[in-house]
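Structure below is model_28.pdb: PDB, C-alpha atoms.
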```pdb
MODEL        1
ATOM      1  CA  MET V   1      16.112  18.598  21.564
ATOM      2  CA  LYS V   2      19.281  16.831  22.643
ATOM      3  CA  LYS V   3      22.693  16.336  21.124
ATOM      4  CA  LYS V   4      23.632  12.703  20.646
ATOM      5  CA  PRO V   5      26.912  11.006  19.757
ATOM      6  CA  ASN V   6      27.272  10.721  15.987
ATOM      7  CA  ASP V   7      25.604   7.571  14.725
ATOM      8  CA  CYS V   8      25.062   8.329  11.027
ATOM      9  CA  ASP V   9      26.612   5.812   8.615
ATOM     10  CA  LEU V  10      27.875   8.596   6.285
ATOM     11  CA  LYS V  11      26.211   6.997   3.260
ATOM     12  CA  SER V  12      22.425   7.162   3.696
ATOM     13  CA  CYS V  13      21.490  10.846   3.763
ATOM     14  CA  PHE V  14      20.927  13.223   0.854
ATOM     15  CA  LEU V  15      24.316  14.889   1.388
ATOM     16  CA  CYS V  16      26.471  11.819   1.976
ATOM     17  CA  ARG V  17      25.025   9.922  -0.992
ATOM     18  CA  GLN V  18      26.107  12.632  -3.440
ATOM     19  CA  CYS V  19      29.252  14.242  -2.072
ATOM     20  CA  LEU V  20      32.817  13.241  -2.973
ATOM     21  CA  PRO V  21      34.289  10.379  -0.916
ATOM     22  CA  GLU V  22      37.135  12.717  -0.001
ATOM     23  CA  TRP V  23      34.596  15.117   1.538
ATOM     24  CA  LEU V  24      33.097  12.576   3.951
ATOM     25  CA  PRO V  25      35.733  13.136   6.679
ATOM     26  CA  ALA V  26      34.803  16.830   6.610
ATOM     27  CA  VAL V  27      31.118  15.893   6.978
ATOM     28  CA  GLN V  28      32.024  13.616   9.882
ATOM     29  CA  ALA V  29      33.886  16.449  11.603
ATOM     30  CA  ASN V  30      31.232  19.115  11.070
ATOM     31  CA  ARG V  31      27.907  17.363  11.610
ATOM     32  CA  LYS V  32      25.916  16.999  14.790
ATOM     33  CA  THR V  33      23.318  14.343  15.512
ATOM     34  CA  LEU V  34      20.313  15.750  17.357
ATOM     35  CA  THR V  35      17.342  13.943  18.877
ATOM     36  CA  PHE V  36      13.790  15.281  19.131
ATOM     37  CA  ARG V  37      10.765  13.954  20.975
ATOM     38  CA  LYS V  38       7.510  13.076  19.229
ATOM     39  CA  GLY V  39       5.633  16.321  18.615
ATOM     40  CA  GLU V  40       8.675  18.533  19.301
ATOM     41  CA  LEU V  41       9.081  21.636  17.147
ATOM     42  CA  ILE V  42      12.451  21.572  15.377
ATOM     43  CA  PHE V  43      12.309  25.099  14.002
ATOM     44  CA  ARG V  44       9.566  27.679  13.593
ATOM     45  CA  GLU V  45       8.451  29.713  10.594
ATOM     46  CA  GLY V  46      10.165  33.125  10.706
ATOM     47  CA  GLU V  47      13.277  31.997  12.614
ATOM     48  CA  PRO V  48      16.744  32.638  11.131
ATOM     49  CA  VAL V  49      18.335  29.688   9.345
ATOM     50  CA  ARG V  50      21.313  28.314  11.254
ATOM     51  CA  GLY V  51      21.767  25.134   9.280
ATOM     52  CA  ILE V  52      20.243  22.266   7.322
ATOM     53  CA  TYR V  53      18.922  18.949   8.622
ATOM     54  CA  PHE V  54      18.998  15.400   7.308
ATOM     55  CA  VAL V  55      16.785  12.662   8.757
ATOM     56  CA  TYR V  56      18.660   9.731  10.255
ATOM     57  CA  SER V  57      15.593   7.999  11.696
ATOM     58  CA  GLY V  58      11.991   9.027  12.270
ATOM     59  CA  THR V  59       9.584  11.248  10.337
ATOM     60  CA  VAL V  60       9.231  15.026  10.083
ATOM     61  CA  LYS V  61       6.292  17.084   8.899
ATOM     62  CA  VAL V  62       7.107  20.351   7.156
ATOM     63  CA  HIS V  63       4.227  22.787   7.547
ATOM     64  CA  LYS V  64       3.237  26.408   7.049
ATOM     65  CA  LYS V  65       0.731  28.789   8.603
ATOM     66  CA  TRP V  66      -2.532  28.874   6.686
ATOM     67  CA  GLY V  67      -4.708  31.687   7.930
ATOM     68  CA  THR V  68      -4.636  32.658  11.581
ATOM     69  CA  GLU V  69      -5.124  29.293  13.263
ATOM     70  CA  LYS V  70      -4.679  26.624  10.576
ATOM     71  CA  GLU V  71      -1.638  24.989   9.051
ATOM     72  CA  LEU V  72      -0.912  23.390   5.694
ATOM     73  CA  ILE V  73       1.425  20.403   5.602
ATOM     74  CA  LEU V  74       3.741  20.745   2.610
ATOM     75  CA  ARG V  75       5.666  17.481   2.778
ATOM     76  CA  PHE V  76       7.052  14.738   4.984
ATOM     77  CA  ALA V  77      10.723  13.891   5.404
ATOM     78  CA  GLN V  78      11.922  10.417   6.345
ATOM     79  CA  ARG V  79      15.244   8.564   6.624
ATOM     80  CA  GLY V  80      17.863  10.100   4.326
ATOM     81  CA  ASP V  81      15.762  13.155   3.388
ATOM     82  CA  ILE V  82      16.819  16.781   3.669
ATOM     83  CA  PHE V  83      14.708  19.445   5.390
ATOM     84  CA  GLY V  84      15.230  23.077   6.344
ATOM     85  CA  HIS V  85      16.520  23.857   2.845
ATOM     86  CA  ARG V  86      13.532  26.082   2.062
ATOM     87  CA  GLY V  87      15.176  28.743   4.204
ATOM     88  CA  LEU V  88      18.122  29.089   1.824
ATOM     89  CA  GLY V  89      18.299  32.465   0.132
ATOM     90  CA  GLN V  90      19.330  36.058   0.674
ATOM     91  CA  GLU V  91      17.281  36.495   3.861
ATOM     92  CA  ALA V  92      18.044  33.031   5.317
ATOM     93  CA  ILE V  93      14.720  32.934   7.191
ATOM     94  CA  TYR V  94      12.649  29.752   7.495
ATOM     95  CA  PRO V  95       9.395  30.231   5.527
ATOM     96  CA  ILE V  96       8.075  26.993   7.067
ATOM     97  CA  SER V  97       8.129  25.062  10.347
ATOM     98  CA  ALA V  98       9.224  21.482  11.016
ATOM     99  CA  THR V  99       7.894  19.121  13.686
ATOM    100  CA  ALA V 100       8.903  15.572  14.625
ATOM    101  CA  LEU V 101       5.979  13.189  14.065
ATOM    102  CA  GLU V 102       7.772  10.465  16.020
ATOM    103  CA  PRO V 103      11.045  10.207  17.962
ATOM    104  CA  LEU V 104      13.611  11.651  15.575
ATOM    105  CA  HIS V 105      17.365  11.491  15.043
ATOM    106  CA  ALA V 106      18.574  14.158  12.623
ATOM    107  CA  CYS V 107      21.991  15.169  11.355
ATOM    108  CA  PHE V 108      22.515  18.927  11.515
ATOM    109  CA  ILE V 109      24.963  20.791   9.242
ATOM    110  CA  ASP V 110      25.572  24.474   9.979
ATOM    111  CA  LEU V 111      24.902  26.901   7.156
ATOM    112  CA  GLU V 112      28.545  27.831   6.507
ATOM    113  CA  PHE V 113      29.647  24.213   6.070
ATOM    114  CA  PHE V 114      26.548  23.430   3.990
ATOM    115  CA  ARG V 115      27.440  26.227   1.558
ATOM    116  CA  ALA V 116      31.024  24.988   1.414
ATOM    117  CA  SER V 117      29.714  21.504   0.599
ATOM    118  CA  LEU V 118      27.718  22.921  -2.308
ATOM    119  CA  LYS V 119      30.785  24.661  -3.742
ATOM    120  CA  VAL V 120      32.998  21.586  -3.481
ATOM    121  CA  ASN V 121      30.532  18.872  -4.540
ATOM    122  CA  GLN V 122      29.021  19.411  -7.981
ATOM    123  CA  ASP V 123      26.907  16.239  -7.864
ATOM    124  CA  PHE V 124      25.399  17.376  -4.580
ATOM    125  CA  MET V 125      24.633  20.836  -5.986
ATOM    126  CA  TYR V 126      23.068  19.302  -9.100
ATOM    127  CA  GLY V 127      21.038  16.852  -7.000
ATOM    128  CA  LEU V 128      19.757  19.681  -4.823
ATOM    129  CA  LEU V 129      18.810  21.679  -7.929
ATOM    130  CA  LEU V 130      16.744  18.757  -9.248
ATOM    131  CA  PHE V 131      15.183  18.309  -5.812
ATOM    132  CA  PHE V 132      14.129  21.973  -5.721
ATOM    133  CA  ALA V 133      12.647  21.602  -9.220
ATOM    134  CA  ASP V 134      10.649  18.527  -8.155
ATOM    135  CA  GLU V 135       9.410  20.339  -5.041
ATOM    136  CA  LEU V 136       8.325  23.322  -7.129
ATOM    137  CA  GLN V 137       6.381  21.092  -9.522
ATOM    138  CA  GLU V 138       4.723  19.286  -6.614
ATOM    139  CA  SER V 139       3.801  22.627  -4.991
ATOM    140  CA  GLU V 140       2.233  23.783  -8.260
ATOM    141  CA  ARG V 141       0.239  20.538  -8.530
ATOM    142  CA  LYS V 142      -0.946  20.928  -4.955
ATOM    143  CA  MET V 143      -2.068  24.521  -5.528
ATOM    144  CA  ARG V 144      -3.914  23.466  -8.675
ATOM    145  CA  ASN V 145      -5.639  20.640  -6.796
ATOM    146  CA  LEU V 146      -6.628  22.987  -3.965
ATOM    147  CA  ALA V 147      -8.300  25.234  -6.519
ATOM    148  CA  HIS V 148      -9.918  22.669  -8.822
ATOM    149  CA  MET V 149     -10.218  19.245  -7.145
ATOM    150  CA  GLN V 150     -12.949  18.238  -4.729
ATOM    151  CA  VAL V 151     -11.817  17.449  -1.184
ATOM    152  CA  LYS V 152     -12.582  13.744  -1.631
ATOM    153  CA  GLY V 153     -10.182  13.577  -4.554
ATOM    154  CA  ARG V 154      -7.490  15.352  -2.553
ATOM    155  CA  VAL V 155      -7.919  12.932   0.351
ATOM    156  CA  VAL V 156      -7.607   9.972  -2.026
ATOM    157  CA  LEU V 157      -4.504  11.457  -3.657
ATOM    158  CA  ALA V 158      -2.952  11.999  -0.231
ATOM    159  CA  LEU V 159      -3.609   8.399   0.849
ATOM    160  CA  LEU V 160      -2.143   6.988  -2.366
ATOM    161  CA  ALA V 161       0.906   9.273  -2.083
ATOM    162  CA  LEU V 162       1.482   8.289   1.561
ATOM    163  CA  GLN V 163       1.390   4.616   0.644
ATOM    164  CA  GLU V 164       3.837   5.189  -2.216
ATOM    165  CA  LYS V 165       6.260   7.149  -0.021
ATOM    166  CA  PHE V 166       6.140   5.112   3.185
ATOM    167  CA  GLY V 167       5.096   1.680   1.927
ATOM    168  CA  ARG V 168       2.872  -0.828   3.695
ATOM    169  CA  THR V 169       3.114  -2.723   6.950
ATOM    170  CA  PRO V 170       3.020  -6.550   6.969
ATOM    171  CA  ASP V 171      -0.751  -6.384   7.542
ATOM    172  CA  GLY V 172      -1.199  -4.118   4.491
ATOM    173  CA  SER V 173      -1.883  -0.756   6.137
ATOM    174  CA  ILE V 174      -0.064   2.426   5.157
ATOM    175  CA  GLN V 175       3.203   2.544   7.110
ATOM    176  CA  MET V 176       2.456   6.018   8.376
ATOM    177  CA  MET V 177       0.295   6.722  11.418
ATOM    178  CA  LEU V 178      -1.290  10.066  10.560
ATOM    179  CA  SER V 179      -3.969  11.758  12.642
ATOM    180  CA  ARG V 180      -7.131  12.974  10.940
ATOM    181  CA  GLN V 181      -6.100  16.535  11.805
ATOM    182  CA  ASP V 182      -2.729  16.107  10.071
ATOM    183  CA  LEU V 183      -4.466  14.517   7.092
ATOM    184  CA  ALA V 184      -6.789  17.537   6.968
ATOM    185  CA  SER V 185      -3.766  19.866   7.080
ATOM    186  CA  LEU V 186      -2.157  17.869   4.268
ATOM    187  CA  VAL V 187      -5.125  18.229   1.903
ATOM    188  CA  GLY V 188      -6.188  21.745   2.934
ATOM    189  CA  ALA V 189      -9.551  20.857   4.436
ATOM    190  CA  THR V 190     -11.309  20.866   7.803
ATOM    191  CA  TYR V 191     -11.054  18.017  10.269
ATOM    192  CA  GLU V 192     -14.814  17.426  10.063
ATOM    193  CA  THR V 193     -14.768  17.136   6.274
ATOM    194  CA  VAL V 194     -11.854  14.690   6.242
ATOM    195  CA  PHE V 195     -13.448  12.630   9.029
ATOM    196  CA  ARG V 196     -16.642  12.341   6.970
ATOM    197  CA  ILE V 197     -14.783  11.406   3.784
ATOM    198  CA  ILE V 198     -12.740   8.704   5.511
ATOM    199  CA  ASN V 199     -15.995   7.205   6.822
ATOM    200  CA  GLU V 200     -17.530   7.350   3.332
ATOM    201  CA  LEU V 201     -14.541   5.588   1.764
ATOM    202  CA  ALA V 202     -14.696   2.950   4.492
ATOM    203  CA  GLU V 203     -18.422   2.401   3.868
ATOM    204  CA  GLU V 204     -17.634   1.912   0.166
ATOM    205  CA  GLU V 205     -15.052  -0.708   1.276
ATOM    206  CA  LEU V 206     -12.296   1.142  -0.572
ATOM    207  CA  ILE V 207     -10.296   1.559   2.639
ATOM    208  CA  VAL V 208     -10.254   0.166   6.156
ATOM    209  CA  ALA V 209      -9.713   2.787   8.869
ATOM    210  CA  ALA V 210      -8.876   1.903  12.468
ATOM    211  CA  GLY V 211      -7.674   4.824  14.559
ATOM    212  CA  LYS V 212      -4.684   6.354  12.781
ATOM    213  CA  SER V 213      -4.179   3.202  10.706
ATOM    214  CA  ILE V 214      -5.561   3.175   7.142
ATOM    215  CA  THR V 215      -5.472   0.278   4.672
ATOM    216  CA  ILE V 216      -6.154   0.862   0.993
ATOM    217  CA  MET V 217      -8.312  -1.997  -0.286
ATOM    218  CA  ASP V 218      -8.836  -0.973  -3.923
ATOM    219  CA  ALA V 219      -6.409   1.615  -5.290
ATOM    220  CA  ASP V 220      -7.867   1.518  -8.827
ATOM    221  CA  LYS V 221     -11.382   2.379  -7.665
ATOM    222  CA  LEU V 222      -9.985   5.065  -5.377
ATOM    223  CA  ARG V 223      -8.226   6.759  -8.304
ATOM    224  CA  VAL V 224     -11.600   7.395  -9.934
ATOM    225  CA  TYR V 225     -12.117  10.191  -7.399
ATOM    226  CA  THR V 226      -8.943  11.941  -8.575
ATOM    227  CA  LYS V 227     -10.233  12.297 -12.155
ATOM    228  CA  GLU V 228     -13.069  14.717 -11.466
TER     229      GLU V 228
ENDMDL
END
```
Have the structure of the file written as structure tokens, please.
Amino acid sequence: MKKKPNDCDLKSCFLCRQCLPEWLPAVQANRKTLTFRKGELIFREGEPVRGIYFVYSGTVKVHKKWGTEKELILRFAQRGDIFGHRGLGQEAIYPISATALEPLHACFIDLEFFRASLKVNQDFMYGLLLFFADELQESERKMRNLAHMQVKGRVVLALLALQEKFGRTPDGSIQMMLSRQDLASLVGATYETVFRIINELAEEELIVAAGKSITIMDADKLRVYTKE
């Protein structure tokens, strides 16, 4: 992790989009822009919260221990998104970890200034409240799917959600290079099971898989697997 001269445009991230224009100079004075290498751990589950992060460029996976040796990916953060907020609370301990999936530039706001920003900016506080509510609903859906949906359906849902969030490249593939292991961690399954399912979907010509690149060929037929 390295500090880098500030290069945020003060209008793209979750905080800057919703705070008062008069508050932006304070954001400018109090933020730090940090860089992380691909695969670098940004913070670890159980560490004390020192501040909140906003993605300037790159992608972050937010993950949690699942058993002794496995992990469960909870979400991805991309340009403009907030992460590290799950550590807010009385204890101020991160209940999750965050890792850079690619070279990352992130704005860092220390906890004291973040709390001051919440008190001063009502739109930001309201936006964060709605964001927490959406995250809670998504977590509940994911837990329900883990309990009741077959792995194939969960893999299909994950692929469709990744395409919706990250879009498609000019050649039509999902604009997110995700390893099979990370895909397994996202859907709560083993690597071997996900590998087999990806091959099955490719044989059915519903997707095209080449390395970490996946192209969805027929989204409507794929959705049939999510209605089990």
Explicit residues for the PyMOL selection byres ((chain V and resi 134-146) around 12) (as a tab-separated table (two decimals) with C-alpha atoms, in the coordinates of the input):
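Result file follows (expr26.tsv):
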```tsv
chain	number	residue	atom	x	y	z
V	72	LEU	CA	-0.91	23.39	5.69
V	73	ILE	CA	1.42	20.40	5.60
V	74	LEU	CA	3.74	20.74	2.61
V	75	ARG	CA	5.67	17.48	2.78
V	76	PHE	CA	7.05	14.74	4.98
V	82	ILE	CA	16.82	16.78	3.67
V	83	PHE	CA	14.71	19.44	5.39
V	85	HIS	CA	16.52	23.86	2.84
V	86	ARG	CA	13.53	26.08	2.06
V	127	GLY	CA	21.04	16.85	-7.00
V	128	LEU	CA	19.76	19.68	-4.82
V	129	LEU	CA	18.81	21.68	-7.93
V	130	LEU	CA	16.74	18.76	-9.25
V	131	PHE	CA	15.18	18.31	-5.81
V	132	PHE	CA	14.13	21.97	-5.72
V	133	ALA	CA	12.65	21.60	-9.22
V	147	ALA	CA	-8.30	25.23	-6.52
V	148	HIS	CA	-9.92	22.67	-8.82
V	149	MET	CA	-10.22	19.24	-7.14
V	150	GLN	CA	-12.95	18.24	-4.73
V	151	VAL	CA	-11.82	17.45	-1.18
V	152	LYS	CA	-12.58	13.74	-1.63
V	153	GLY	CA	-10.18	13.58	-4.55
V	154	ARG	CA	-7.49	15.35	-2.55
V	155	VAL	CA	-7.92	12.93	0.35
V	156	VAL	CA	-7.61	9.97	-2.03
V	157	LEU	CA	-4.50	11.46	-3.66
V	158	ALA	CA	-2.95	12.00	-0.23
V	161	ALA	CA	0.91	9.27	-2.08
V	185	SER	CA	-3.77	19.87	7.08
V	186	LEU	CA	-2.16	17.87	4.27
V	187	VAL	CA	-5.12	18.23	1.90
V	188	GLY	CA	-6.19	21.74	2.93
V	189	ALA	CA	-9.55	20.86	4.44
V	226	THR	CA	-8.94	11.94	-8.57
V	227	LYS	CA	-10.23	12.30	-12.16
V	228	GLU	CA	-13.07	14.72	-11.47
```
Carefully work through the PyMOL selection byres ((chain V and resi 46) around 7) for this structure and note down the residues it includes, as a PDB file with C-alpha atoms, keeping the file's coordinate frame.
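Writing the result to part.pdb gives the following:
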```pdb
ATOM      1  CA  ARG V  44       9.566  27.679  13.593  1.00  0.00           C
ATOM      2  CA  GLU V  45       8.451  29.713  10.594  1.00  0.00           C
ATOM      3  CA  GLU V  47      13.277  31.997  12.614  1.00  0.00           C
ATOM      4  CA  PRO V  48      16.744  32.638  11.131  1.00  0.00           C
ATOM      5  CA  ILE V  93      14.720  32.934   7.191  1.00  0.00           C
ATOM      6  CA  TYR V  94      12.649  29.752   7.495  1.00  0.00           C
ATOM      7  CA  PRO V  95       9.395  30.231   5.527  1.00  0.00           C
TER       8      PRO V  95
END
```
Judged by only C-alpha atoms, the minimum distance to Gly39 (chain V) among V:Pro25, V:Leu20, V:Thr99, V:Glu112 is found for V:Thr99
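Take CA of Leu111 (chain V) and CA of Gln18 (chain V): the distance between them is 17.8 Å.
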Shell of 10 Å around Ser213 (chain V), only C-alpha atoms, local chain residues under 6 positions omitted, as a CSV table (one decimal) with C-alpha atoms, keeping the file's coordinate frame:
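Contents of out_25.csv, as written:
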```csv
chain,number,residue,atom,x,y,z
V,173,SER,CA,-1.9,-0.8,6.1
V,174,ILE,CA,-0.1,2.4,5.2
V,175,GLN,CA,3.2,2.5,7.1
V,176,MET,CA,2.5,6.0,8.4
V,177,MET,CA,0.3,6.7,11.4
V,178,LEU,CA,-1.3,10.1,10.6
V,179,SER,CA,-4.0,11.8,12.6
```
How many Å separate CA of Leu104 (chain V) from CA of Ser57 (chain V)?
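Atom-to-atom, CA of Leu104 (chain V) and CA of Ser57 (chain V) are spaced 5.7 Å apart.
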Decode the PyMOL selection byres ((chain V and resi 217) around 10) for the given file into explicit residues and return them as number ranges by chain.
V: 172-173, 202, 205-208, 214-216, 218-222
Distance in Å - CA of Lys32 (chain V) versus CA of Ile109 (chain V):
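Going from CA of Lys32 (chain V) over to CA of Ile109 (chain V) covers 6.8 Å.
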Return the single residue from V:Asn199, V:Thr169, V:Gln28, V:Gln181 that is closest to Leu10 (chain V), with distances computed using all atoms listed in the file.
V:Gln28
Quick one: of V:Leu162, V:Leu183, V:Leu15, V:Val224, who's nearest to Tyr126 (chain V), counting only C-alpha atoms?
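Nearest to Tyr126 (chain V): V:Leu15.
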Counting all atoms listed in the file, the residue among V:Val62, V:Gly211, V:Asn30, V:Arg180 that lies closest to Thr193 (chain V) is V:Arg180
My list of candidates is V:Leu41, V:Val120, V:Ile198, V:Ala210. Which is closest to Pro21 (chain V) when distances are computed with only C-alpha atoms?
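Between V:Leu41, V:Val120, V:Ile198, V:Ala210, the residue approaching Pro21 (chain V) most closely is V:Val120.
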Nearest to Ala26 (chain V), restricted to only C-alpha atoms and choosing among V:Thr59, V:Ser117, V:Gln90, V:Ser12, comes out as V:Ser117
For the point (11.7, 10.7, 8.6) in file coordinates, what residues are within 7 Å, counting all atoms listed in the file? Give the answer as an MDAnalysis selection string?
chainID V and resid 55 57:60 77:79
Would you list the contacts of Phe108 (chain V) as a list of chain:residue names, taking every protein, DNA or RNA residue within 8 Å and counting only C-alpha atoms, but skipping same-chain residues closer than 4 positions in sequence?
V:Arg31, V:Lys32, V:Thr33, V:Leu34, V:Gly51, V:Ile52, V:Tyr53, V:Phe54
